[in-house]
file start08.cif (mmCIF, C-alpha atoms)
data_work
loop_
_atom_site.label_atom_id
_atom_site.label_comp_id
_atom_site.auth_asym_id
_atom_site.auth_seq_id
_atom_site.Cartn_x
_atom_site.Cartn_y
_atom_site.Cartn_z
CA MET A 695 0.00 0.00 0.00
CA SER A 696 1.42 3.40 -0.93
CA ASP A 697 2.22 5.94 1.81
CA SER A 698 -0.65 8.22 0.85
CA ALA A 699 -3.13 5.32 0.75
CA VAL A 700 -1.93 4.19 4.19
CA ALA A 701 -2.26 7.69 5.59
CA LEU A 702 -5.74 7.93 4.10
CA GLU A 703 -6.86 4.70 5.73
CA HIS A 704 -5.50 5.77 9.11
CA ALA A 705 -7.31 9.08 8.83
CA ARG A 706 -10.56 7.40 7.82
CA GLU A 707 -10.61 4.62 10.40
CA PRO A 708 -10.26 5.85 14.00
CA PHE A 709 -9.83 2.30 15.30
CA LEU A 710 -6.79 1.65 13.09
CA GLN A 711 -3.65 1.84 15.18
CA HIS A 712 -0.56 3.52 13.78
CA HIS A 713 1.69 0.47 13.75
CA PHE A 714 -0.60 -1.47 11.38
CA SER A 715 -0.70 -0.62 7.70
CA ASP A 716 -4.38 -1.43 7.19
CA ALA A 717 -7.45 -2.69 8.99
CA GLY A 718 -7.07 -6.17 7.54
CA GLN A 719 -3.57 -6.58 8.92
CA GLN A 720 -4.69 -5.30 12.33
CA ALA A 721 -7.57 -7.76 12.43
CA ASP A 722 -5.31 -10.65 11.40
CA ALA A 723 -2.72 -9.80 14.03
CA SER A 724 -5.38 -9.53 16.74
CA LYS A 725 -6.74 -12.95 15.82
CA ILE A 726 -3.30 -14.57 15.86
CA GLY A 727 -2.66 -13.07 19.30
CA MET A 728 -5.93 -14.49 20.58
CA TRP A 729 -5.22 -17.94 19.16
CA LEU A 730 -1.81 -17.97 20.84
CA PHE A 731 -3.52 -17.18 24.14
CA LEU A 732 -6.05 -19.97 23.52
CA VAL A 733 -3.17 -22.42 23.05
CA THR A 734 -1.87 -21.48 26.51
CA GLU A 735 -5.36 -22.17 27.88
CA ILE A 736 -5.46 -25.57 26.16
CA LEU A 737 -2.20 -26.50 27.85
CA LEU A 738 -3.37 -25.09 31.20
CA PHE A 739 -6.38 -27.38 31.24
CA GLY A 740 -4.33 -30.03 29.45
CA GLY A 741 -2.13 -30.39 32.50
CA LEU A 742 -5.16 -31.12 34.64
CA PHE A 743 -6.50 -33.58 32.09
CA VAL A 744 -3.17 -35.41 32.04
CA GLY A 745 -3.17 -35.61 35.84
CA TYR A 746 -6.75 -36.83 35.87
CA GLY A 747 -6.03 -39.42 33.17
CA ILE A 748 -3.04 -40.83 35.00
CA MET A 749 -4.77 -41.01 38.38
CA GLN A 750 -7.84 -42.65 36.87
CA TRP A 751 -5.59 -45.16 35.17
CA LEU A 752 -3.78 -45.94 38.41
CA HIS A 753 -6.91 -46.10 40.62
CA PRO A 754 -9.78 -47.22 38.37
CA GLU A 755 -12.16 -48.56 41.05
CA ALA A 756 -11.93 -45.46 43.22
CA PHE A 757 -12.68 -43.24 40.22
CA GLN A 758 -15.49 -45.53 39.02
CA HIS A 759 -17.23 -45.41 42.37
CA ALA A 760 -16.63 -41.70 42.89
CA HIS A 761 -18.08 -40.53 39.62
CA HIS A 762 -21.43 -42.14 40.39
CA HIS A 763 -22.00 -39.26 42.82
CA LEU A 764 -22.21 -36.91 39.86
CA ASP A 765 -25.62 -36.09 38.42
CA ARG A 766 -25.54 -36.93 34.71
CA THR A 767 -28.76 -35.03 34.00
CA LEU A 768 -27.33 -31.81 35.40
CA GLY A 769 -24.08 -32.35 33.52
CA PHE A 770 -25.98 -33.04 30.30
CA THR A 771 -28.14 -29.95 30.80
CA ASN A 772 -25.05 -27.82 31.37
CA THR A 773 -23.51 -29.18 28.17
CA ILE A 774 -26.61 -28.17 26.22
CA VAL A 775 -26.63 -24.75 27.89
CA LEU A 776 -23.03 -24.07 26.88
CA LEU A 777 -23.57 -25.29 23.32
CA LEU A 778 -26.53 -22.91 23.04
CA SER A 779 -24.37 -20.09 24.44
CA SER A 780 -21.74 -20.85 21.79
CA PHE A 781 -24.45 -20.57 19.15
CA THR A 782 -25.68 -17.22 20.44
CA MET A 783 -22.07 -16.02 20.62
CA VAL A 784 -21.32 -16.88 16.99
CA MET A 785 -24.62 -15.24 16.02
CA ALA A 786 -23.43 -12.14 17.91
CA VAL A 787 -20.23 -12.07 15.88
CA HIS A 788 -22.25 -12.58 12.71
CA SER A 789 -24.54 -9.69 13.65
CA ALA A 790 -21.52 -7.48 14.31
CA ARG A 791 -20.06 -8.34 10.92
CA ALA A 792 -23.39 -7.50 9.31
CA GLY A 793 -23.50 -4.19 11.17
CA ASP A 794 -26.72 -5.14 13.00
CA ARG A 795 -26.30 -3.46 16.40
CA ARG A 796 -29.64 -4.55 17.86
CA LYS A 797 -29.08 -8.22 17.09
CA LEU A 798 -25.50 -7.99 18.35
CA ILE A 799 -26.75 -6.68 21.69
CA LEU A 800 -29.51 -9.30 21.83
CA TYR A 801 -27.19 -12.22 21.14
CA LEU A 802 -24.54 -11.01 23.58
CA ALA A 803 -27.23 -10.69 26.26
CA LEU A 804 -28.50 -14.21 25.49
CA THR A 805 -24.96 -15.58 25.77
CA LEU A 806 -24.65 -13.98 29.20
CA ALA A 807 -28.00 -15.45 30.22
CA PHE A 808 -26.95 -18.97 29.23
CA ALA A 809 -23.66 -18.53 31.08
CA ALA A 810 -25.57 -17.51 34.20
CA VAL A 811 -27.76 -20.62 33.92
CA PHE A 812 -24.60 -22.74 33.66
CA LEU A 813 -23.21 -21.22 36.84
CA GLY A 814 -26.57 -21.67 38.57
CA ILE A 815 -26.57 -25.39 37.79
CA LYS A 816 -22.97 -25.68 38.95
CA TYR A 817 -23.99 -24.01 42.21
CA VAL A 818 -26.70 -26.63 42.70
CA GLU A 819 -24.20 -29.41 42.02
CA TYR A 820 -21.56 -28.00 44.35
CA SER A 821 -24.11 -27.44 47.15
CA HIS A 822 -25.14 -31.08 46.93
CA LYS A 823 -21.51 -32.19 47.10
CA PHE A 824 -20.75 -30.00 50.11
CA HIS A 825 -23.85 -31.38 51.81
CA GLU A 826 -22.72 -34.97 51.29
CA GLY A 827 -19.11 -34.35 52.31
CA LEU A 828 -17.84 -35.05 48.80
CA LEU A 829 -15.02 -32.56 49.00
CA PRO A 830 -11.52 -32.35 47.55
CA GLY A 831 -8.49 -33.96 49.12
CA ARG A 832 -8.22 -33.71 52.89
CA PHE A 833 -11.68 -32.15 53.27
CA TYR A 834 -13.40 -35.30 52.05
CA SER A 835 -15.77 -36.49 54.74
CA HIS A 836 -18.20 -38.80 53.00
CA ALA A 837 -18.81 -41.91 55.08
CA GLY A 838 -19.54 -45.47 54.09
CA ASP A 839 -17.46 -45.74 50.93
CA ALA A 840 -17.18 -49.24 49.54
CA VAL A 841 -13.93 -48.35 47.81
CA PRO A 842 -11.33 -46.06 49.45
CA GLY A 843 -9.49 -43.25 47.71
CA GLN A 844 -12.48 -41.45 46.20
CA PHE A 845 -11.23 -38.14 47.59
CA MET A 846 -8.75 -38.11 44.70
CA PHE A 847 -11.53 -37.98 42.13
CA PHE A 848 -13.09 -35.02 43.92
CA SER A 849 -9.78 -33.19 44.08
CA PHE A 850 -9.71 -33.31 40.31
CA TYR A 851 -13.44 -32.65 39.96
CA PHE A 852 -13.34 -29.44 41.97
CA MET A 853 -10.05 -28.24 40.47
CA MET A 854 -11.14 -28.81 36.89
CA THR A 855 -14.75 -27.63 37.11
CA GLY A 856 -13.72 -24.83 39.47
CA LEU A 857 -11.06 -23.52 37.11
CA HIS A 858 -13.52 -23.90 34.23
CA GLY A 859 -16.15 -22.03 36.26
CA LEU A 860 -13.68 -19.20 36.89
CA HIS A 861 -13.13 -19.03 33.15
CA ILE A 862 -16.90 -18.76 32.67
CA VAL A 863 -17.02 -15.89 35.14
CA GLY A 864 -14.09 -14.18 33.39
CA GLY A 865 -15.78 -14.77 30.05
CA MET A 866 -18.98 -13.20 31.35
CA ALA A 867 -17.01 -10.13 32.44
CA VAL A 868 -15.42 -9.82 29.00
CA ILE A 869 -18.73 -10.35 27.19
CA GLY A 870 -20.35 -7.85 29.54
CA TRP A 871 -17.72 -5.28 28.63
CA VAL A 872 -18.13 -6.01 24.91
CA LEU A 873 -21.91 -5.66 25.38
CA ARG A 874 -21.40 -2.26 27.00
CA ARG A 875 -19.23 -1.16 24.09
CA ALA A 876 -21.84 -2.46 21.63
CA VAL A 877 -24.57 -0.45 23.37
CA ARG A 878 -22.26 2.57 23.19
CA GLY A 879 -22.04 2.09 19.42
CA ASP A 880 -18.31 1.29 19.25
CA PHE A 881 -18.70 -1.46 16.66
CA SER A 882 -19.57 -1.54 12.97
CA SER A 883 -19.21 -3.93 10.09
CA ARG A 884 -15.76 -2.37 9.57
CA TYR A 885 -14.61 -2.93 13.16
CA TYR A 886 -15.86 -5.59 15.53
CA THR A 887 -12.60 -7.29 16.56
CA PRO A 888 -13.37 -7.33 20.33
CA VAL A 889 -16.60 -9.21 19.62
CA ASP A 890 -14.71 -11.67 17.43
CA LEU A 891 -11.99 -12.27 20.03
CA ALA A 892 -14.45 -12.60 22.91
CA GLY A 893 -16.24 -15.17 20.75
CA LEU A 894 -13.07 -17.19 20.26
CA TYR A 895 -12.44 -17.25 24.00
CA TRP A 896 -16.02 -18.28 24.72
CA HIS A 897 -15.89 -21.13 22.20
CA LEU A 898 -12.73 -22.42 23.82
CA VAL A 899 -14.43 -22.45 27.23
CA ASP A 900 -17.24 -24.43 25.61
CA MET A 901 -14.71 -26.81 24.03
CA ILE A 902 -13.09 -27.50 27.39
CA TRP A 903 -16.49 -28.43 28.85
CA ILE A 904 -17.11 -30.69 25.81
CA TYR A 905 -14.18 -32.77 27.10
CA LEU A 906 -14.83 -32.31 30.82
CA PHE A 907 -18.41 -33.60 30.63
CA PRO A 908 -17.69 -37.13 29.31
CA LEU A 909 -14.50 -37.57 31.34
CA LEU A 910 -16.02 -36.57 34.66
CA TYR A 911 -19.66 -37.61 34.26
CA LEU A 912 -19.86 -40.41 31.70
CA ILE A 913 -16.82 -42.67 31.77
CA SER A 914 -17.55 -45.84 33.65
CA MET B 114 -16.25 -4.48 5.31
CA GLN B 115 -13.51 -5.71 7.61
CA PRO B 116 -11.28 -8.00 5.52
CA HIS B 117 -12.09 -11.46 6.78
CA GLY B 118 -11.71 -13.92 3.94
CA GLU B 119 -14.61 -15.21 1.92
CA HIS B 120 -17.32 -16.42 4.26
CA ALA B 121 -19.88 -18.91 3.12
CA LEU B 122 -20.98 -18.98 6.75
CA GLY B 123 -24.31 -17.67 7.87
CA PRO B 124 -27.04 -18.39 10.39
CA ARG B 125 -28.21 -21.48 8.49
CA THR B 126 -24.79 -23.13 8.78
CA TYR B 127 -24.58 -22.21 12.46
CA VAL B 128 -27.99 -23.75 13.14
CA LYS B 129 -26.96 -26.96 11.38
CA VAL B 130 -23.73 -27.12 13.38
CA LEU B 131 -25.67 -26.52 16.61
CA ALA B 132 -28.09 -29.31 15.71
CA ALA B 133 -25.16 -31.67 15.09
CA LEU B 134 -23.56 -30.70 18.41
CA LEU B 135 -26.79 -31.30 20.33
CA ALA B 136 -27.27 -34.65 18.56
CA PHE B 137 -23.74 -35.78 19.40
CA THR B 138 -24.30 -34.83 23.03
CA VAL B 139 -27.35 -37.10 23.19
CA ILE B 140 -25.41 -39.86 21.43
CA THR B 141 -22.50 -39.67 23.82
CA VAL B 142 -24.78 -39.95 26.86
CA ALA B 143 -26.57 -42.90 25.27
CA ALA B 144 -23.29 -44.63 24.37
CA ALA B 145 -22.07 -44.21 27.94
CA GLY B 146 -24.88 -46.45 29.10
CA VAL B 147 -23.97 -49.30 26.76
CA ASN B 148 -21.66 -52.04 27.97
CA PHE B 149 -19.17 -52.82 25.22
CA GLY B 150 -17.28 -55.35 27.28
CA SER B 151 -14.09 -53.47 28.06
CA ALA B 152 -14.20 -50.09 29.82
CA SER B 153 -11.64 -48.56 27.49
CA VAL B 154 -14.04 -48.92 24.56
CA ASN B 155 -16.39 -46.49 26.31
CA VAL B 156 -13.50 -44.06 26.85
CA VAL B 157 -12.41 -44.25 23.20
CA ILE B 158 -15.96 -43.71 21.95
CA ALA B 159 -16.57 -40.81 24.34
CA MET B 160 -13.31 -39.15 23.35
CA ALA B 161 -14.01 -39.67 19.64
CA ILE B 162 -17.42 -38.01 19.99
CA ALA B 163 -15.95 -35.18 22.07
CA THR B 164 -13.24 -34.61 19.46
CA THR B 165 -15.88 -34.53 16.70
CA LYS B 166 -17.85 -31.93 18.66
CA ALA B 167 -14.72 -29.89 19.35
CA SER B 168 -13.79 -30.00 15.65
CA LEU B 169 -17.21 -28.66 14.69
CA VAL B 170 -16.84 -25.81 17.18
CA ALA B 171 -13.33 -25.02 15.95
CA LEU B 172 -14.07 -25.26 12.23
CA TYR B 173 -17.41 -23.45 12.12
CA PHE B 174 -18.05 -21.46 15.30
CA MET B 175 -14.41 -20.35 15.53
CA HIS B 176 -14.26 -19.93 11.73
CA LEU B 177 -11.07 -21.91 11.23
CA ARG B 178 -12.46 -23.45 8.07
CA HIS B 179 -12.76 -20.14 6.29
CA GLU B 180 -9.88 -18.13 7.61
CA LYS B 181 -6.18 -17.77 7.07
CA PRO B 182 -4.32 -21.04 7.72
CA MET B 183 -2.02 -19.50 10.37
CA ASN B 184 -4.78 -19.65 12.99
CA THR B 185 -5.26 -23.37 12.31
CA VAL B 186 -1.50 -23.94 12.41
CA ILE B 187 -1.35 -22.32 15.86
CA PHE B 188 -4.33 -24.31 17.15
CA LEU B 189 -2.99 -27.62 15.83
CA GLY B 190 0.42 -26.76 17.26
CA GLY B 191 -1.19 -26.44 20.67
CA LEU B 192 -2.93 -29.78 20.25
CA PHE B 193 0.34 -31.35 19.18
CA ALA B 194 2.07 -30.06 22.32
CA LEU B 195 -0.77 -31.46 24.43
CA GLY B 196 -0.43 -34.76 22.59
CA VAL B 197 3.26 -34.98 23.37
CA PHE B 198 2.49 -34.14 27.02
CA LEU B 199 -0.17 -36.85 27.27
CA ILE B 200 1.67 -39.59 25.42
CA LEU B 201 5.01 -39.21 27.14
CA CYS B 202 3.37 -39.07 30.59
CA PHE B 203 1.35 -42.19 29.93
CA LEU B 204 4.34 -44.04 28.48
CA ASP B 205 6.33 -43.16 31.58
CA THR B 206 3.59 -44.11 34.03
CA GLY B 207 3.01 -47.35 32.17
CA ALA B 208 6.67 -48.33 32.32
CA ARG B 209 7.21 -47.60 36.02
CA GLU B 210 6.24 -51.04 37.26
CA LEU B 211 8.58 -52.66 34.77
CA ILE B 212 11.50 -50.68 36.10
CA ARG B 213 10.73 -50.77 39.79
CA PRO B 214 7.97 -53.12 40.95
CA PRO B 215 6.15 -51.49 43.88
CA ALA B 216 5.76 -53.10 47.28
CA VAL B 217 2.11 -54.12 47.37
CA ARG B 218 0.12 -51.79 49.60
CA PRO B 219 -3.53 -50.66 49.61
CA ILE B 220 -4.69 -47.07 49.03
CA ALA B 221 -4.94 -45.23 52.36
CA SER B 222 -8.53 -45.68 53.57
CA ALA B 223 -8.93 -42.09 54.85
CA ALA B 224 -8.05 -38.75 53.29
CA PRO B 225 -4.42 -37.87 54.02
CA ARG B 226 -3.88 -35.57 57.00
#
call {"tool": "encode", "arguments": {"input": "start08.cif", "output": "structure tokens"}}
result
Amino acid sequence: MSDSAVALEHAREPFLQHHFSDAGQQADASKIGMWLFLVTEILLFGGLFVGYGIMQWLHPEAFQHAHHHLDRTLGFTNTIVLLLSSFTMVMAVHSARAGDRRKLILYLALTLAFAAVFLGIKYVEYSHKFHEGLLPGRFYSHAGDAVPGQFMFFSFYFMMTGLHGLHIVGGMAVIGWVLRRAVRGDFSSRYYTPVDLAGLYWHLVDMIWIYLFPLLYLIS
Amino acid sequence: MQPHGEHALGPRTYVKVLAALLAFTVITVAAAGVNFGSASVNVVIAMAIATTKASLVALYFMHLRHEKPMNTVIFLGGLFALGVFLILCFLDTGARELIRPPAVRPIASAAPR
């Protein structure tokens, strides 16, 4: 791009930062940055998955017995809720790209609503576990176990779903901020990168649950 | 229009992908109830279904299918690193008893203090 064309684009597009030559390059760079971050998240949860896999392999009966305490219906419902939230999120990005501000706001709000439902169900699940003494590590106080060692499963359960839950909360904060910016009119079909990037993060959080659900709730 | 690559994607595609994801979720729950003989068959099936679902999310919801290849390269690189992590750890754990057979002892019956 010639110098005058570059200068023209920078003058025309207030969102275009000076160190990028055009909007396309800026958008590409932002995406790459987000994907690199997502890779670090995959390895963060990956470490926990590896630990879980090894411990389940070494203590199969304890893990078998322990996971029966989990409510499959609630887990299944939560999976559906997150898949729906991923759908509303991608529809939000689509609306942003089409320049439809009202739909963008609607879909972002729906995504937040689904996320809140997810957390609500998790709260119900956790309450039940606390009530029964099914707690992580040295706090485990459930009596009458046929097979010992089930505290190990719950250490992983709370660590993995807890960390995932924190990511949901963080995601809600980010989506809430993007929603505020959308209401303020910051986005257009020419610039909606924050919506796009928030979407990528949200889909990753959904992906992690797609693996958590069968491993924690279904394997027997 | 923000340069984004040619998108054949629209609401209809997203609805179809959502339908597939919901269907696979039902299938994976149903398959978990079936006894295939060995427990590892259930694990393999569950992981295969989960990977299919994750691929749909990555390809269509995260737009990898229609965007510049660099994003896919980065994502697959991350999966490769995770694969190395998993495989080497399992190989090591699996070989421990060969190298140093453990003294037989039961799991502690109470949570550690």
call {"tool": "resolve_selection", "arguments": {"input": "start08.cif", "expression": "the PyMOL selection byres ((chain A) within 8 of (chain B))", "output": "ChimeraX atom specification"}}
result
/A:717-718,721,725-726,729-730,732-734,736-737,740,744,748,770,773-774,777-778,780-781,784-785,788,791,831-834,842-843,845,883-885,893-894,897,901,904-905,908-909,912-914
call {"tool": "residues_around", "arguments": {"input": "start08.cif", "residues": "A:Ile862", "least_positions_apart": "2", "cutoff": "10 Å", "atoms": "only C-alpha atoms", "output": "PyMOL selection string"}}
result
chain A and resi 776+806+809-810+812-813+856-860+864-868+895-896+899-900
call {"tool": "closest_residue", "arguments": {"input": "start08.cif", "among": "A:Met728, A:Phe848, A:Val877, A:Tyr886", "to": "A:Leu898", "atoms": "only C-alpha atoms"}}
result
A:Met728
call {"tool": "atom_distance", "arguments": {"input": "start08.cif", "atom1": "atom CA of B:Ala136", "atom2": "atom CA of A:His762"}}
result
23.8 Å
call {"tool": "closest_residue", "arguments": {"input": "start08.cif", "among": "A:Val872, A:Gln711, A:Asp765, A:Met854", "to": "A:His822", "atoms": "only C-alpha atoms"}}
result
A:Asp765
call {"tool": "atom_distance", "arguments": {"input": "start08.cif", "atom1": "atom CA of A:Phe743", "atom2": "atom CA of A:Thr855"}}
result
11.3 Å
call {"tool": "closest_residue", "arguments": {"input": "start08.cif", "among": "A:Thr887, A:Ser698, A:Ser724, A:Ser882", "to": "A:Arg795", "atoms": "all atoms listed in the file"}}
result
A:Ser882
call {"tool": "atom_distance", "arguments": {"input": "start08.cif", "atom1": "atom CA of A:Met846", "atom2": "atom CA of A:Pro830"}}
result
7.0 Å
call {"tool": "decode", "arguments": {"input": "start08.cif", "residues": "stretch 118-164 of chain B", "atoms": "C-alpha atoms", "output": "PDB file, in the first residue's frame"}}
result
ATOM      1  CA  GLY B 118     -11.712 -13.918   3.941  1.00  0.00           C
ATOM      2  CA  GLU B 119     -14.608 -15.211   1.924  1.00  0.00           C
ATOM      3  CA  HIS B 120     -17.324 -16.421   4.262  1.00  0.00           C
ATOM      4  CA  ALA B 121     -19.883 -18.909   3.120  1.00  0.00           C
ATOM      5  CA  LEU B 122     -20.977 -18.983   6.751  1.00  0.00           C
ATOM      6  CA  GLY B 123     -24.306 -17.672   7.872  1.00  0.00           C
ATOM      7  CA  PRO B 124     -27.042 -18.387  10.392  1.00  0.00           C
ATOM      8  CA  ARG B 125     -28.209 -21.483   8.491  1.00  0.00           C
ATOM      9  CA  THR B 126     -24.793 -23.133   8.775  1.00  0.00           C
ATOM     10  CA  TYR B 127     -24.578 -22.213  12.457  1.00  0.00           C
ATOM     11  CA  VAL B 128     -27.995 -23.749  13.140  1.00  0.00           C
ATOM     12  CA  LYS B 129     -26.958 -26.958  11.383  1.00  0.00           C
ATOM     13  CA  VAL B 130     -23.733 -27.125  13.384  1.00  0.00           C
ATOM     14  CA  LEU B 131     -25.673 -26.520  16.611  1.00  0.00           C
ATOM     15  CA  ALA B 132     -28.093 -29.312  15.712  1.00  0.00           C
ATOM     16  CA  ALA B 133     -25.162 -31.673  15.088  1.00  0.00           C
ATOM     17  CA  LEU B 134     -23.557 -30.697  18.412  1.00  0.00           C
ATOM     18  CA  LEU B 135     -26.786 -31.303  20.329  1.00  0.00           C
ATOM     19  CA  ALA B 136     -27.271 -34.648  18.562  1.00  0.00           C
ATOM     20  CA  PHE B 137     -23.736 -35.783  19.404  1.00  0.00           C
ATOM     21  CA  THR B 138     -24.302 -34.831  23.032  1.00  0.00           C
ATOM     22  CA  VAL B 139     -27.354 -37.099  23.187  1.00  0.00           C
ATOM     23  CA  ILE B 140     -25.407 -39.860  21.426  1.00  0.00           C
ATOM     24  CA  THR B 141     -22.495 -39.671  23.825  1.00  0.00           C
ATOM     25  CA  VAL B 142     -24.785 -39.950  26.856  1.00  0.00           C
ATOM     26  CA  ALA B 143     -26.571 -42.903  25.266  1.00  0.00           C
ATOM     27  CA  ALA B 144     -23.294 -44.626  24.373  1.00  0.00           C
ATOM     28  CA  ALA B 145     -22.067 -44.205  27.943  1.00  0.00           C
ATOM     29  CA  GLY B 146     -24.882 -46.453  29.101  1.00  0.00           C
ATOM     30  CA  VAL B 147     -23.969 -49.302  26.764  1.00  0.00           C
ATOM     31  CA  ASN B 148     -21.664 -52.037  27.974  1.00  0.00           C
ATOM     32  CA  PHE B 149     -19.168 -52.820  25.218  1.00  0.00           C
ATOM     33  CA  GLY B 150     -17.276 -55.349  27.279  1.00  0.00           C
ATOM     34  CA  SER B 151     -14.094 -53.466  28.061  1.00  0.00           C
ATOM     35  CA  ALA B 152     -14.196 -50.085  29.825  1.00  0.00           C
ATOM     36  CA  SER B 153     -11.638 -48.560  27.494  1.00  0.00           C
ATOM     37  CA  VAL B 154     -14.036 -48.919  24.561  1.00  0.00           C
ATOM     38  CA  ASN B 155     -16.394 -46.492  26.313  1.00  0.00           C
ATOM     39  CA  VAL B 156     -13.498 -44.065  26.848  1.00  0.00           C
ATOM     40  CA  VAL B 157     -12.415 -44.245  23.202  1.00  0.00           C
ATOM     41  CA  ILE B 158     -15.957 -43.710  21.951  1.00  0.00           C
ATOM     42  CA  ALA B 159     -16.572 -40.808  24.341  1.00  0.00           C
ATOM     43  CA  MET B 160     -13.310 -39.146  23.347  1.00  0.00           C
ATOM     44  CA  ALA B 161     -14.006 -39.669  19.642  1.00  0.00           C
ATOM     45  CA  ILE B 162     -17.417 -38.012  19.985  1.00  0.00           C
ATOM     46  CA  ALA B 163     -15.946 -35.180  22.074  1.00  0.00           C
ATOM     47  CA  THR B 164     -13.245 -34.607  19.457  1.00  0.00           C
TER      48      THR B 164
END
